[in-house]
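Structure, as structure tokens:
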There are 2 protein chains.
Amino acid sequence: MDKSRFINLSQARVAIVGLGLMGGSLALALRAAKACREIIGVDVDEQTVAAALASGAIDRAEPFSPDLDCDMIVLATPVRAILSLLEELSHSRLPSPPSTTVLDLGSTKAQIVQAMGELPPRFEPIGGHPMCGREVSGFSQADVNLYRDRTFVLTPPGYSSVQALALVYELVEAVGAVPLVMSADRHDTLVAVVSHLPYAVAVALMRVALDNPDDGLWTLAASGFRDTSRLAASDVAMMTDILLTNRDAVLSALDSYRHEIDALAAAVESGDVAALRAAITDVQSKRADLFK
Amino acid sequence: MDKSRFINLSQARVAIVGLGLMGGSLALALRAAKACREIIGVDVDEQTVAAALASGAIDRAEPFSPDLDCDMIVLATPVRAILSLLEELSHSRLPSPPSTTVLDLGSTKAQIVQAMGELPPRFEPIGGHPMCGREVSGFSQADVNLYRDRTFVLTPPGYSSVQALALVYELVEAVGAVPLVMSADRHDTLVAVVSHLPYAVAVALMRVALDNPDDGLWTLAASGFRDTSRLAASDVAMMTDILLTNRDAVLSALDSYRHEIDALAAAVESGDVAALRAAITDVQSKRADLFK
């Protein structure tokens with residue numbers, strides 16, 4: 001084992017590619033924790049780079065290059081952009097050692113972890129997904145506490161090195177998140193239900209409301225409508241990529257969901273009080289016990 | 001016109017039937033505003049009555065009777081209990097004048113306003129629905145500020161007297177709510193979309209999640225799932241009554257909703273990026289502008 005590859009986060013130069021809500025918040029949190037040697041910001045948007053520099057979230061800005069000179073690259077863009085960036089990294093001509101750990105923050109993991117398998121040995125990839133999405137986006141919304149106490153899923157490929165995983169663990173803990181290792185496939189199946197389905201549910205609800213020509217609707221819409229539809233405000237590019245790169249699991253969740261909507265409609269249509277109560281009672285007690 | 005029938009809220013003895021979240025909060029808010037002469041509490045649950053008396057929310061407790069001696073009765077139970085109470089009131093043997101204003105707080109209005117038409121002339125009924133539901137229930141959850149700044153829909157039958165409506169307006173404004181008059185049918189069509197559909201949406205989402213055998217689901221469920229599923233914790237008796245007494249409008253909303261879910265599933269299945277973006281972009285900008 002090459003001991004020169006051991007590096008701690010405090011010595012690491014970390015490049016964050018994509019300085020939106022997730023990447024920007026990561027930079028702010030690493031900076032606040034004085035967690036690493038240098039934070040290099042990479043973003044195609046000049047205003048974003050200027051704002052990140054002005055806020056002190058990053059030490060310096062660089063354009064993206066497969067030959068970025070740093071110890072860790074964090075890919076913090078929407079999923080399909082991450083896939084493109086991994087493709088670019090695969091053309092890196094730098095020798096190794098030293099190696100560079102690559103962590104991504106994409107919301108779906110199977111396609112990304114598969115693409116990570118094509119990287120040259122110089123890169124040590126680990127898939128990641130911090131469970132702290134918001135329906136707002138952009139560096140202006142970045143929050144130093146975004147990751148605090150949130151589950152941070154890690155999906156390391158089987159060939160990951162213990163050094164890379166240890167460095168990523170350090171980063172996760174430095175921003176106050178809680179690491180949780182699982183397979184990319186399991187992750188994608190679970191988030192289809194707890195994250196992508198709720199998004200689709202919210203979009204469909206908004207579409208029904210927008211189709212109603214009576215403006216009184218918006219006067220009567222209270223906290224129930226507000227919360228149930230909230231995710232429909234999520235970033236379009238991010239959600240398009242998520243739905244398309246987790247297609248099978250999303251379609252399966254939507255199919256189960258449609259059956260539940262049909263069952264509820266049938267219970268209402270029948271006017272069967274006992275059946276309707278039974279359909280909602282179990283769910284009521286379970287939901288009341290969650291998120292206490 | 002019989003001038004003796006004019007009474008202001010400050011002179012009125014108000015009986016609140018049902019001291020749960022809505023009735024209990026109403027009592028607390030009327031008490032805090034020193035809005036009426038006396039608050040009489042009516043509830044079948046002895047512990048609730050004891051708690052309401054102990055908190056000072058009500059001056060005294062009475063059992064329900066169609067001959068309750070008071071100036072205003074507020075029916076604050078689930079919808080089907082309101083229908084039963086209106087049936088009981090129709091057997092009142094007290095003469096008039098003086099008359100008693102009857103306001104209900106039921107979540108659906110058409111069946112209630114129809115039943116109000118059977119009341120003897122002693123009663124002056126006005127349908128009401130304050131848009132401030134929560135997913136918690138019971139007097140222990142009552143909140144003096146529940147009604148503050150919320151829309152309070154009033155659906156007065158065509159034969160309502162101006163006196164009764166004026167008294168109800170006074171009550172609505174005393175608790176800080178904003179009165180909005182509309183027909184019972186329009187109300188029911190609108191709340192089917194902004195309130196009852198979101199509830200069904202949340203219940204179906206919870207059922208899909210509960211059917212998944214992987215416990216990792218609950219570790220990954222974050223604020224998106226929490227908010228989208230929140231309404232599934234709503235009181236079962238209240239929601240059963242709502243769905244059954246607003247059956248046609250709810251079924252129509254569910255039918256529109258199913259079409260939207262199908263359209264989203266088709267866009268995901270096709271893998272057509274442009275179609276998917278188009279389906280969610282309009283909704284995204286509209287939702288981001290709401291509830292600012």
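Residues are named by chain letter and number: chains run A, B, ... in the order of the structure tokens, numbers start at 1 in each chain, and ligands are numbered from 1 in the order shown.
For chain A, the residues no farther than 6 Å from chain B when using only C-alpha atoms are Leu190, Val194, Ala204, Leu217, Ala221, Phe225, Asp227, Thr228, Ala232, Ala233, Glu260, Ile261, Gln284, Arg287 and Ala288 of chain A.
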Write the residues of the preceding selection, restricted to all heavy atoms, as a compact mmCIF listing (two decimals), in the first residue's frame.
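Generated file (result.txt):
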```txt
# COMPACT_ATOMS: atom_id res chain seq x y z
N LEU A 190 -35.22 3.28 -2.91
CA LEU A 190 -35.81 3.95 -1.74
C LEU A 190 -36.16 5.41 -2.05
O LEU A 190 -37.23 5.89 -1.69
CB LEU A 190 -34.84 3.86 -0.55
CG LEU A 190 -34.63 2.46 0.02
CD1 LEU A 190 -33.62 2.49 1.16
CD2 LEU A 190 -35.96 1.87 0.49
N VAL A 194 -39.49 7.83 -1.41
CA VAL A 194 -39.53 8.90 -0.40
C VAL A 194 -39.21 10.28 -0.96
O VAL A 194 -39.40 11.28 -0.27
CB VAL A 194 -38.59 8.64 0.80
CG1 VAL A 194 -39.03 7.39 1.55
CG2 VAL A 194 -37.15 8.58 0.39
N ALA A 204 -48.43 16.82 -9.93
CA ALA A 204 -49.77 16.48 -10.42
C ALA A 204 -50.83 17.30 -9.68
O ALA A 204 -51.81 17.77 -10.29
CB ALA A 204 -50.02 14.98 -10.26
N LEU A 217 -59.86 29.53 -5.74
CA LEU A 217 -59.01 28.42 -5.32
C LEU A 217 -57.83 28.89 -4.48
O LEU A 217 -57.49 28.30 -3.46
CB LEU A 217 -58.47 27.75 -6.59
CG LEU A 217 -58.09 26.30 -6.58
CD1 LEU A 217 -59.33 25.44 -6.49
CD2 LEU A 217 -57.36 25.96 -7.88
N ALA A 221 -56.77 28.08 -0.63
CA ALA A 221 -55.63 27.18 -0.42
C ALA A 221 -54.89 27.58 0.85
O ALA A 221 -54.38 28.70 0.95
CB ALA A 221 -54.69 27.23 -1.63
N PHE A 225 -52.62 22.59 1.40
CA PHE A 225 -52.24 22.64 -0.02
C PHE A 225 -50.79 23.09 -0.16
O PHE A 225 -50.03 22.56 -0.98
CB PHE A 225 -53.17 23.57 -0.79
CG PHE A 225 -52.90 23.57 -2.27
CD1 PHE A 225 -53.50 22.64 -3.10
CD2 PHE A 225 -52.00 24.47 -2.83
CE1 PHE A 225 -53.23 22.60 -4.46
CE2 PHE A 225 -51.72 24.44 -4.18
CZ PHE A 225 -52.34 23.50 -5.00
N ASP A 227 -48.18 22.77 1.82
CA ASP A 227 -47.16 21.76 2.13
C ASP A 227 -47.19 20.61 1.13
O ASP A 227 -46.15 20.10 0.73
CB ASP A 227 -47.37 21.22 3.55
CG ASP A 227 -46.90 22.23 4.59
OD1 ASP A 227 -46.44 23.31 4.19
OD2 ASP A 227 -47.00 21.93 5.78
N THR A 228 -48.40 20.19 0.75
CA THR A 228 -48.49 19.02 -0.15
C THR A 228 -47.93 19.35 -1.53
O THR A 228 -47.42 18.47 -2.22
CB THR A 228 -49.95 18.54 -0.25
OG1 THR A 228 -50.54 18.53 1.03
CG2 THR A 228 -50.03 17.15 -0.85
N ALA A 232 -43.27 20.82 -5.82
CA ALA A 232 -43.45 21.18 -7.23
C ALA A 232 -42.60 22.40 -7.60
O ALA A 232 -42.39 22.67 -8.78
CB ALA A 232 -44.92 21.44 -7.53
N ALA A 233 -42.11 23.12 -6.61
CA ALA A 233 -41.26 24.29 -6.87
C ALA A 233 -39.78 23.90 -7.03
O ALA A 233 -38.94 24.76 -7.25
CB ALA A 233 -41.41 25.31 -5.75
N GLU A 260 -53.15 2.97 -5.28
CA GLU A 260 -53.66 3.50 -4.01
C GLU A 260 -54.69 4.60 -4.25
O GLU A 260 -55.69 4.69 -3.54
CB GLU A 260 -52.51 4.02 -3.14
CG GLU A 260 -51.50 2.96 -2.72
CD GLU A 260 -52.11 1.88 -1.83
OE1 GLU A 260 -53.23 2.07 -1.33
OE2 GLU A 260 -51.45 0.84 -1.66
N ILE A 261 -54.44 5.44 -5.25
CA ILE A 261 -55.42 6.48 -5.59
C ILE A 261 -56.73 5.83 -6.06
O ILE A 261 -57.83 6.23 -5.66
CB ILE A 261 -54.85 7.43 -6.68
CG1 ILE A 261 -53.75 8.32 -6.10
CG2 ILE A 261 -55.96 8.27 -7.34
CD1 ILE A 261 -54.25 9.43 -5.19
N GLN A 284 -53.15 7.00 9.29
CA GLN A 284 -53.19 8.14 10.21
C GLN A 284 -52.28 7.91 11.41
O GLN A 284 -51.46 8.77 11.75
CB GLN A 284 -54.64 8.37 10.68
CG GLN A 284 -54.88 9.71 11.36
CD GLN A 284 -54.44 9.73 12.81
OE1 GLN A 284 -54.44 8.71 13.49
NE2 GLN A 284 -54.05 10.90 13.28
N ARG A 287 -48.55 7.89 10.34
CA ARG A 287 -48.02 9.21 9.99
C ARG A 287 -47.89 10.11 11.21
O ARG A 287 -46.96 10.91 11.32
CB ARG A 287 -48.89 9.88 8.92
CG ARG A 287 -48.39 11.26 8.49
CD ARG A 287 -46.96 11.20 7.94
NE ARG A 287 -46.41 12.51 7.59
CZ ARG A 287 -45.98 13.38 8.47
NH1 ARG A 287 -46.02 13.11 9.75
NH2 ARG A 287 -45.48 14.54 8.07
N ALA A 288 -48.85 9.96 12.15
CA ALA A 288 -48.79 10.80 13.35
C ALA A 288 -47.56 10.47 14.20
O ALA A 288 -47.05 11.33 14.92
CB ALA A 288 -50.07 10.63 14.17
```
So which bits of stretch 15-223 of chain B end up strand (DSSP E) when you DSSP the backbone, as a PDB file with N, CA, C and O atoms, in the first residue's frame?
```
ATOM      1  N   ALA B  15     -72.810  29.439  22.603  1.00  0.00           N
ATOM      2  CA  ALA B  15     -72.573  28.027  22.948  1.00  0.00           C
ATOM      3  C   ALA B  15     -71.739  27.384  21.849  1.00  0.00           C
ATOM      4  O   ALA B  15     -72.097  27.466  20.672  1.00  0.00           O
ATOM      5  N   ILE B  16     -70.634  26.781  22.247  1.00  0.00           N
ATOM      6  CA  ILE B  16     -69.768  26.097  21.273  1.00  0.00           C
ATOM      7  C   ILE B  16     -69.924  24.593  21.488  1.00  0.00           C
ATOM      8  O   ILE B  16     -69.615  24.079  22.566  1.00  0.00           O
ATOM      9  N   VAL B  17     -70.409  23.921  20.457  1.00  0.00           N
ATOM     10  CA  VAL B  17     -70.677  22.488  20.557  1.00  0.00           C
ATOM     11  C   VAL B  17     -69.526  21.733  19.891  1.00  0.00           C
ATOM     12  O   VAL B  17     -69.358  21.786  18.674  1.00  0.00           O
ATOM     13  N   GLU B  38     -70.873  35.546  27.347  1.00  0.00           N
ATOM     14  CA  GLU B  38     -70.680  34.255  28.002  1.00  0.00           C
ATOM     15  C   GLU B  38     -70.325  33.198  26.955  1.00  0.00           C
ATOM     16  O   GLU B  38     -70.858  33.217  25.845  1.00  0.00           O
ATOM     17  N   ILE B  39     -69.428  32.289  27.334  1.00  0.00           N
ATOM     18  CA  ILE B  39     -69.082  31.166  26.455  1.00  0.00           C
ATOM     19  C   ILE B  39     -69.500  29.881  27.156  1.00  0.00           C
ATOM     20  O   ILE B  39     -68.997  29.544  28.232  1.00  0.00           O
ATOM     21  N   ILE B  40     -70.441  29.181  26.524  1.00  0.00           N
ATOM     22  CA  ILE B  40     -70.956  27.932  27.070  1.00  0.00           C
ATOM     23  C   ILE B  40     -70.326  26.794  26.275  1.00  0.00           C
ATOM     24  O   ILE B  40     -70.387  26.789  25.044  1.00  0.00           O
ATOM     25  N   GLY B  41     -69.714  25.845  26.953  1.00  0.00           N
ATOM     26  CA  GLY B  41     -69.062  24.729  26.271  1.00  0.00           C
ATOM     27  C   GLY B  41     -69.919  23.484  26.292  1.00  0.00           C
ATOM     28  O   GLY B  41     -70.512  23.149  27.314  1.00  0.00           O
ATOM     29  N   VAL B  42     -69.997  22.815  25.165  1.00  0.00           N
ATOM     30  CA  VAL B  42     -70.760  21.574  25.058  1.00  0.00           C
ATOM     31  C   VAL B  42     -69.856  20.515  24.435  1.00  0.00           C
ATOM     32  O   VAL B  42     -69.311  20.724  23.345  1.00  0.00           O
ATOM     33  N   ARG B  60     -69.027  28.028  31.434  1.00  0.00           N
ATOM     34  CA  ARG B  60     -69.707  26.880  32.043  1.00  0.00           C
ATOM     35  C   ARG B  60     -69.974  25.848  30.969  1.00  0.00           C
ATOM     36  O   ARG B  60     -69.860  26.141  29.775  1.00  0.00           O
ATOM     37  N   ALA B  61     -70.300  24.637  31.406  1.00  0.00           N
ATOM     38  CA  ALA B  61     -70.572  23.550  30.471  1.00  0.00           C
ATOM     39  C   ALA B  61     -72.044  23.169  30.541  1.00  0.00           C
ATOM     40  O   ALA B  61     -72.682  23.299  31.589  1.00  0.00           O
ATOM     41  N   MET B  72     -76.321  32.363  20.334  1.00  0.00           N
ATOM     42  CA  MET B  72     -75.616  31.842  19.161  1.00  0.00           C
ATOM     43  C   MET B  72     -75.102  30.452  19.494  1.00  0.00           C
ATOM     44  O   MET B  72     -74.544  30.221  20.569  1.00  0.00           O
ATOM     45  N   ILE B  73     -75.304  29.534  18.557  1.00  0.00           N
ATOM     46  CA  ILE B  73     -74.762  28.182  18.704  1.00  0.00           C
ATOM     47  C   ILE B  73     -73.731  27.983  17.603  1.00  0.00           C
ATOM     48  O   ILE B  73     -74.009  28.237  16.429  1.00  0.00           O
ATOM     49  N   VAL B  74     -72.529  27.556  17.993  1.00  0.00           N
ATOM     50  CA  VAL B  74     -71.491  27.243  17.003  1.00  0.00           C
ATOM     51  C   VAL B  74     -71.282  25.732  17.009  1.00  0.00           C
ATOM     52  O   VAL B  74     -70.891  25.160  18.024  1.00  0.00           O
ATOM     53  N   LEU B  75     -71.583  25.096  15.897  1.00  0.00           N
ATOM     54  CA  LEU B  75     -71.423  23.650  15.783  1.00  0.00           C
ATOM     55  C   LEU B  75     -70.018  23.358  15.256  1.00  0.00           C
ATOM     56  O   LEU B  75     -69.699  23.641  14.100  1.00  0.00           O
ATOM     57  N   THR B 100     -82.062  32.422  17.656  1.00  0.00           N
ATOM     58  CA  THR B 100     -80.689  31.984  17.929  1.00  0.00           C
ATOM     59  C   THR B 100     -79.957  31.812  16.598  1.00  0.00           C
ATOM     60  O   THR B 100     -80.443  31.114  15.710  1.00  0.00           O
ATOM     61  N   THR B 101     -78.829  32.453  16.490  1.00  0.00           N
ATOM     62  CA  THR B 101     -78.007  32.284  15.286  1.00  0.00           C
ATOM     63  C   THR B 101     -77.252  30.969  15.391  1.00  0.00           C
ATOM     64  O   THR B 101     -76.701  30.649  16.447  1.00  0.00           O
ATOM     65  N   VAL B 102     -77.261  30.207  14.306  1.00  0.00           N
ATOM     66  CA  VAL B 102     -76.536  28.931  14.277  1.00  0.00           C
ATOM     67  C   VAL B 102     -75.430  29.021  13.226  1.00  0.00           C
ATOM     68  O   VAL B 102     -75.702  29.239  12.047  1.00  0.00           O
ATOM     69  N   LEU B 103     -74.182  28.891  13.681  1.00  0.00           N
ATOM     70  CA  LEU B 103     -73.034  28.862  12.772  1.00  0.00           C
ATOM     71  C   LEU B 103     -72.393  27.490  12.905  1.00  0.00           C
ATOM     72  O   LEU B 103     -72.263  26.978  14.004  1.00  0.00           O
ATOM     73  N   ASP B 104     -72.011  26.906  11.778  1.00  0.00           N
ATOM     74  CA  ASP B 104     -71.245  25.665  11.889  1.00  0.00           C
ATOM     75  C   ASP B 104     -69.857  25.889  11.321  1.00  0.00           C
ATOM     76  O   ASP B 104     -69.628  26.839  10.567  1.00  0.00           O
ATOM     77  N   PHE B 123     -84.349  29.471  14.571  1.00  0.00           N
ATOM     78  CA  PHE B 123     -82.911  29.449  14.286  1.00  0.00           C
ATOM     79  C   PHE B 123     -82.584  30.230  13.021  1.00  0.00           C
ATOM     80  O   PHE B 123     -83.316  30.180  12.042  1.00  0.00           O
ATOM     81  N   GLU B 124     -81.481  30.946  13.085  1.00  0.00           N
ATOM     82  CA  GLU B 124     -80.997  31.707  11.926  1.00  0.00           C
ATOM     83  C   GLU B 124     -79.648  31.116  11.535  1.00  0.00           C
ATOM     84  O   GLU B 124     -78.608  31.483  12.102  1.00  0.00           O
ATOM     85  N   PRO B 125     -79.630  30.214  10.584  1.00  0.00           N
ATOM     86  CA  PRO B 125     -78.405  29.481  10.293  1.00  0.00           C
ATOM     87  C   PRO B 125     -77.501  30.163   9.257  1.00  0.00           C
ATOM     88  O   PRO B 125     -77.972  30.783   8.306  1.00  0.00           O
ATOM     89  N   ILE B 126     -76.200  30.027   9.474  1.00  0.00           N
ATOM     90  CA  ILE B 126     -75.172  30.473   8.527  1.00  0.00           C
ATOM     91  C   ILE B 126     -74.121  29.358   8.457  1.00  0.00           C
ATOM     92  O   ILE B 126     -73.613  28.933   9.496  1.00  0.00           O
ATOM     93  N   GLY B 127     -73.802  28.928   7.256  1.00  0.00           N
ATOM     94  CA  GLY B 127     -72.727  27.944   7.117  1.00  0.00           C
ATOM     95  C   GLY B 127     -71.377  28.631   7.219  1.00  0.00           C
ATOM     96  O   GLY B 127     -71.206  29.757   6.756  1.00  0.00           O
ATOM     97  N   GLY B 128     -70.411  27.957   7.821  1.00  0.00           N
ATOM     98  CA  GLY B 128     -69.068  28.540   7.935  1.00  0.00           C
ATOM     99  C   GLY B 128     -67.985  27.498   7.762  1.00  0.00           C
ATOM    100  O   GLY B 128     -68.209  26.314   8.021  1.00  0.00           O
ATOM    101  N   HIS B 129     -66.840  27.930   7.298  1.00  0.00           N
ATOM    102  CA  HIS B 129     -65.674  27.035   7.224  1.00  0.00           C
ATOM    103  C   HIS B 129     -64.386  27.848   7.298  1.00  0.00           C
ATOM    104  O   HIS B 129     -63.947  28.426   6.312  1.00  0.00           O
ATOM    105  N   PRO B 130     -63.812  27.883   8.484  1.00  0.00           N
ATOM    106  CA  PRO B 130     -62.520  28.582   8.641  1.00  0.00           C
ATOM    107  C   PRO B 130     -61.401  27.743   8.028  1.00  0.00           C
ATOM    108  O   PRO B 130     -61.293  26.549   8.308  1.00  0.00           O
ATOM    109  N   THR B 151     -58.597  32.821   6.135  1.00  0.00           N
ATOM    110  CA  THR B 151     -59.870  33.018   5.440  1.00  0.00           C
ATOM    111  C   THR B 151     -60.953  32.209   6.156  1.00  0.00           C
ATOM    112  O   THR B 151     -60.739  31.046   6.481  1.00  0.00           O
ATOM    113  N   PHE B 152     -62.096  32.850   6.432  1.00  0.00           N
ATOM    114  CA  PHE B 152     -63.218  32.180   7.095  1.00  0.00           C
ATOM    115  C   PHE B 152     -64.388  32.254   6.118  1.00  0.00           C
ATOM    116  O   PHE B 152     -65.043  33.285   5.989  1.00  0.00           O
ATOM    117  N   VAL B 153     -64.616  31.137   5.403  1.00  0.00           N
ATOM    118  CA  VAL B 153     -65.687  31.117   4.400  1.00  0.00           C
ATOM    119  C   VAL B 153     -67.046  31.104   5.100  1.00  0.00           C
ATOM    120  O   VAL B 153     -67.251  30.368   6.069  1.00  0.00           O
ATOM    121  N   LEU B 154     -67.974  31.928   4.603  1.00  0.00           N
ATOM    122  CA  LEU B 154     -69.357  31.916   5.086  1.00  0.00           C
ATOM    123  C   LEU B 154     -70.263  31.592   3.907  1.00  0.00           C
ATOM    124  O   LEU B 154     -70.111  32.168   2.824  1.00  0.00           O
ATOM    125  N   THR B 155     -71.168  30.633   4.135  1.00  0.00           N
ATOM    126  CA  THR B 155     -72.113  30.247   3.082  1.00  0.00           C
ATOM    127  C   THR B 155     -73.535  30.438   3.617  1.00  0.00           C
ATOM    128  O   THR B 155     -74.200  29.483   3.987  1.00  0.00           O
ATOM    129  N   VAL B 178     -60.630  36.400   8.379  1.00  0.00           N
ATOM    130  CA  VAL B 178     -61.074  37.261   7.285  1.00  0.00           C
ATOM    131  C   VAL B 178     -62.286  36.617   6.618  1.00  0.00           C
ATOM    132  O   VAL B 178     -62.153  35.580   5.965  1.00  0.00           O
ATOM    133  N   PRO B 179     -63.482  37.216   6.761  1.00  0.00           N
ATOM    134  CA  PRO B 179     -64.672  36.574   6.205  1.00  0.00           C
ATOM    135  C   PRO B 179     -64.698  36.619   4.677  1.00  0.00           C
ATOM    136  O   PRO B 179     -64.258  37.582   4.073  1.00  0.00           O
ATOM    137  N   LEU B 180     -65.203  35.550   4.065  1.00  0.00           N
ATOM    138  CA  LEU B 180     -65.332  35.474   2.611  1.00  0.00           C
ATOM    139  C   LEU B 180     -66.635  34.733   2.316  1.00  0.00           C
ATOM    140  O   LEU B 180     -66.768  33.553   2.646  1.00  0.00           O
ATOM    141  N   VAL B 181     -67.599  35.447   1.710  1.00  0.00           N
ATOM    142  CA  VAL B 181     -68.910  34.853   1.444  1.00  0.00           C
ATOM    143  C   VAL B 181     -68.920  34.204   0.064  1.00  0.00           C
ATOM    144  O   VAL B 181     -68.458  34.801  -0.911  1.00  0.00           O
TER     145      VAL B 181
END
```
Would you list the contacts of B:Leu167 as a ChimeraX atom specification, taking every protein, DNA or RNA residue within 8 Å and counting only C-alpha atoms, but skipping same-chain residues closer than 3 positions in sequence? /B:7-9,101,163-164,170-171
Would you compute the distance between atom CA of B:Asp59 and atom CA of B:Ile82? Give it in Å to one decimal.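 Separation of atom CA of B:Asp59 and atom CA of B:Ile82: 22.8 Å.
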What's the separation between atom CA of A:Lys109 and atom CA of A:Ala249, in Å to one decimal place? 12.0 Å
Spatial neighbours of B:Cys36, 9 Å, only C-alpha atoms, chain gap at least 4 places, as a JSON list (two decimals) with N, CA and C atoms, in the first residue's frame:
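New file result.json:
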```json
[["chain", "number", "residue", "atom", "x", "y", "z"],
["B", 8, "ASN", "N", -75.56, 42.46, 19.61],
["B", 8, "ASN", "CA", -74.13, 42.49, 19.27],
["B", 8, "ASN", "C", -73.42, 41.34, 19.96],
["B", 9, "LEU", "N", -72.24, 41.00, 19.43],
["B", 9, "LEU", "CA", -71.49, 39.87, 19.98],
["B", 9, "LEU", "C", -71.17, 40.11, 21.46],
["B", 10, "SER", "N", -70.89, 41.37, 21.82],
["B", 10, "SER", "CA", -70.52, 41.65, 23.20],
["B", 10, "SER", "C", -71.65, 41.31, 24.18],
["B", 11, "GLN", "N", -72.90, 41.30, 23.68],
["B", 11, "GLN", "CA", -74.04, 40.96, 24.55],
["B", 11, "GLN", "C", -74.41, 39.48, 24.45],
["B", 12, "ALA", "N", -73.77, 38.77, 23.55],
["B", 12, "ALA", "CA", -74.25, 37.43, 23.20],
["B", 12, "ALA", "C", -73.71, 36.34, 24.10],
["B", 13, "ARG", "N", -74.57, 35.38, 24.40],
["B", 13, "ARG", "CA", -74.15, 34.14, 25.04],
["B", 13, "ARG", "C", -73.94, 33.13, 23.92],
["B", 14, "VAL", "N", -72.69, 32.69, 23.79],
["B", 14, "VAL", "CA", -72.31, 31.82, 22.66],
["B", 14, "VAL", "C", -72.07, 30.40, 23.17],
["B", 30, "LEU", "N", -62.16, 33.82, 21.48],
["B", 30, "LEU", "CA", -63.25, 34.71, 21.92],
["B", 30, "LEU", "C", -62.98, 35.20, 23.34],
["B", 31, "ARG", "N", -62.48, 34.29, 24.17],
["B", 31, "ARG", "CA", -62.15, 34.65, 25.55],
["B", 31, "ARG", "C", -61.05, 35.71, 25.59],
["B", 171, "LEU", "N", -68.13, 37.78, 15.03],
["B", 171, "LEU", "CA", -67.38, 36.68, 15.63],
["B", 171, "LEU", "C", -66.13, 36.37, 14.81]]
```
Any idea what the distance is between atom CA of A:Ala32 and atom CA of A:Asn145? 9.8 Å
Backbone-only DSSP, alpha helix (DSSP H) members of stretch 12-251 of chain A, as an MDAnalysis selection string: chainID A and resid 21:32 46:55 79:89 110:116 162:174 184:191 197:211 216:220 223:229 236:245 247:251
